[in-house]
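K.L.:
Mind looking over this structure? Questions follow.
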Amino acid sequence: MSSLTSRLGLERERNIQKLFPDPVSLCLLYKASHHGSTLSELFEKSENQGRFVLIVYFNTGAIRGGYISKPLSVGVHHDPEAFVFSVNEKTATRFPVQDPRKAFSFNRLDVSFGNCLKLMSDNKNKMHVVSKPDNIYCVIWAEETSKCSEVEVHRVQDAADVLLNPWRELTWTENNKEELGQNLVSFKPTCEVLSKVRVLLLGPVGAGKSSFINSIRSVMYRRVSLMSYVGSTPKGFTKKLKSYEIRAEKGGPPTPLTLCDVLALGESEETGLTLHDTLEVIKGHVPEGHKFQSNAPINHATAGYQLAPALKDRIHCVVFVLDASEVLFYSKSLEDKLRELRWELSDMDIPHVILLTKVDQVCKAVEADVQYVYRSRIVKERVHKAAELMGLPMSFVLPVKNYSSELSVNCNTDILLLSALNCILHSISDGFDDYTSS
């Protein structure tokens, strides 16, 4: 599955932004190669998400699109602010609507900006595009009919989506970074029989579990760590239980924290990590390196099965890793699975929090500098959605940006990662306090 990153590139995106009278940013909602290349999938990901631009990439290399100031919904839309455009690396050309009554239509069989830009499904339910001159927009581009090499829908949002006051406080200084790092190194479990704690990362494919482990190592090593276990495949990269000690520095002594990675959660019990196997991991029965198979549930006959695991073998905190760019679009079956796990953890008195990754992909300000993360209206909305999905308070949701394309570490990214890690350690300490006092 391709990455949820726009194919526009920075220059073409800036050229489109210049077509608007006021400063705006674009937030990618739908990408055909990522979400599926049918009109129904386009509608599912983009419906009622606010004003938007539709961008079509032709096989010929041409890029054309249209803007409407109303949310995507079925019907014919009157919109005097609508326009269509063509764009390249150097410039974008705008054609304002001349007949606002027919500015845009959507009927699940085709998406149309007049007759000059029309997406339709073929007999294989794949999209193709027809583009030609018309009198609704008075465009002058040549007629063109082809399959789409890519289709994207972006929500258009005001640059003012960066709030004046932060909705959560964090100190963005080198001193605070050092203090947060030292908090990890000096951490001691409040449970006297433990010298280390084990944290299990759970999440759907591509959410960033392995990348978070790699990012924490990068923070501690003061350079981006290039570990072989980080990757992306449609079915997920991690297949087995793997525990990673977090060291204070490269080659240095381990901290009291171990991060555990497992097979990604699937849409159902037949795909990905099952509820049964997840609970077996949490209880400490599963041996290191066990390869998960949905048709071979873990039981007493499993090689290396720990019949009576000690407290040190169990999971002491579960971190649900969710993707900020996908959290609005998770299927009901996946949401049900996440909630069921959350209730099981509550019954077991296991602390659990949510790690919300890829916040830089939903807000341009955060993409430019993660210091804006707690001033971003969009990130706050995604945090609220993640909390609502899991039935937890917003304070249990920790937004982060993992290292992915960078070749060097960044102070503000480090601070956000270490801040999340400190919250995880606090939840473990609070959990042991409740455990020992009961």
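Chain identifiers are assigned as A, B, and so on, following the order in which chains appear in the structure tokens; residues are numbered from 1 within each chain, and ligands are numbered from 1 in order of appearance.
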For A:Asn48, please output as a list in words all residues within 9 Å (counting only C-alpha atoms; exclusion window: fewer than 6 positions along the same chain).
P.N.:
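Surrounding residues, per the criterion: Lys70, Pro71, Leu72 and Ser73 of chain A.
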K.L.:
Go through stretch 124-363 of chain A and collect every residue that DSSP, computed from the backbone, puts in strand (DSSP E); the answer should be as a VMD selection string.
P.N.:
chain A and resid 127 to 131 144 to 158 197 to 202 242 to 247 254 to 261 317 to 323 352 to 357
K.L.:
Give the answer as one residue: which of A:Leu42, A:Leu257, A:Leu389, A:Met220 has the shortest atom-to-atom distance to A:Pro189, using only C-alpha atoms?
P.N.:
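Among A:Leu42, A:Leu257, A:Leu389, A:Met220, it is A:Leu257 that comes nearest to A:Pro189.
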K.L.:
Here is a test: counting only C-alpha atoms, which residue of A:Asp336, A:Trp343, A:Val224, A:His290 is nearest to A:Thr413?
P.N.:
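Closest to A:Thr413, using only C-alpha atoms: A:Val224.
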K.L.:
Go through A:Ala301, A:Leu275, A:Ala310, A:Leu26 and flag the residue nearest A:Leu345, using only C-alpha atoms for the distances.
P.N.:
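Using only C-alpha atoms, A:Leu345 sits closest to A:Leu275.
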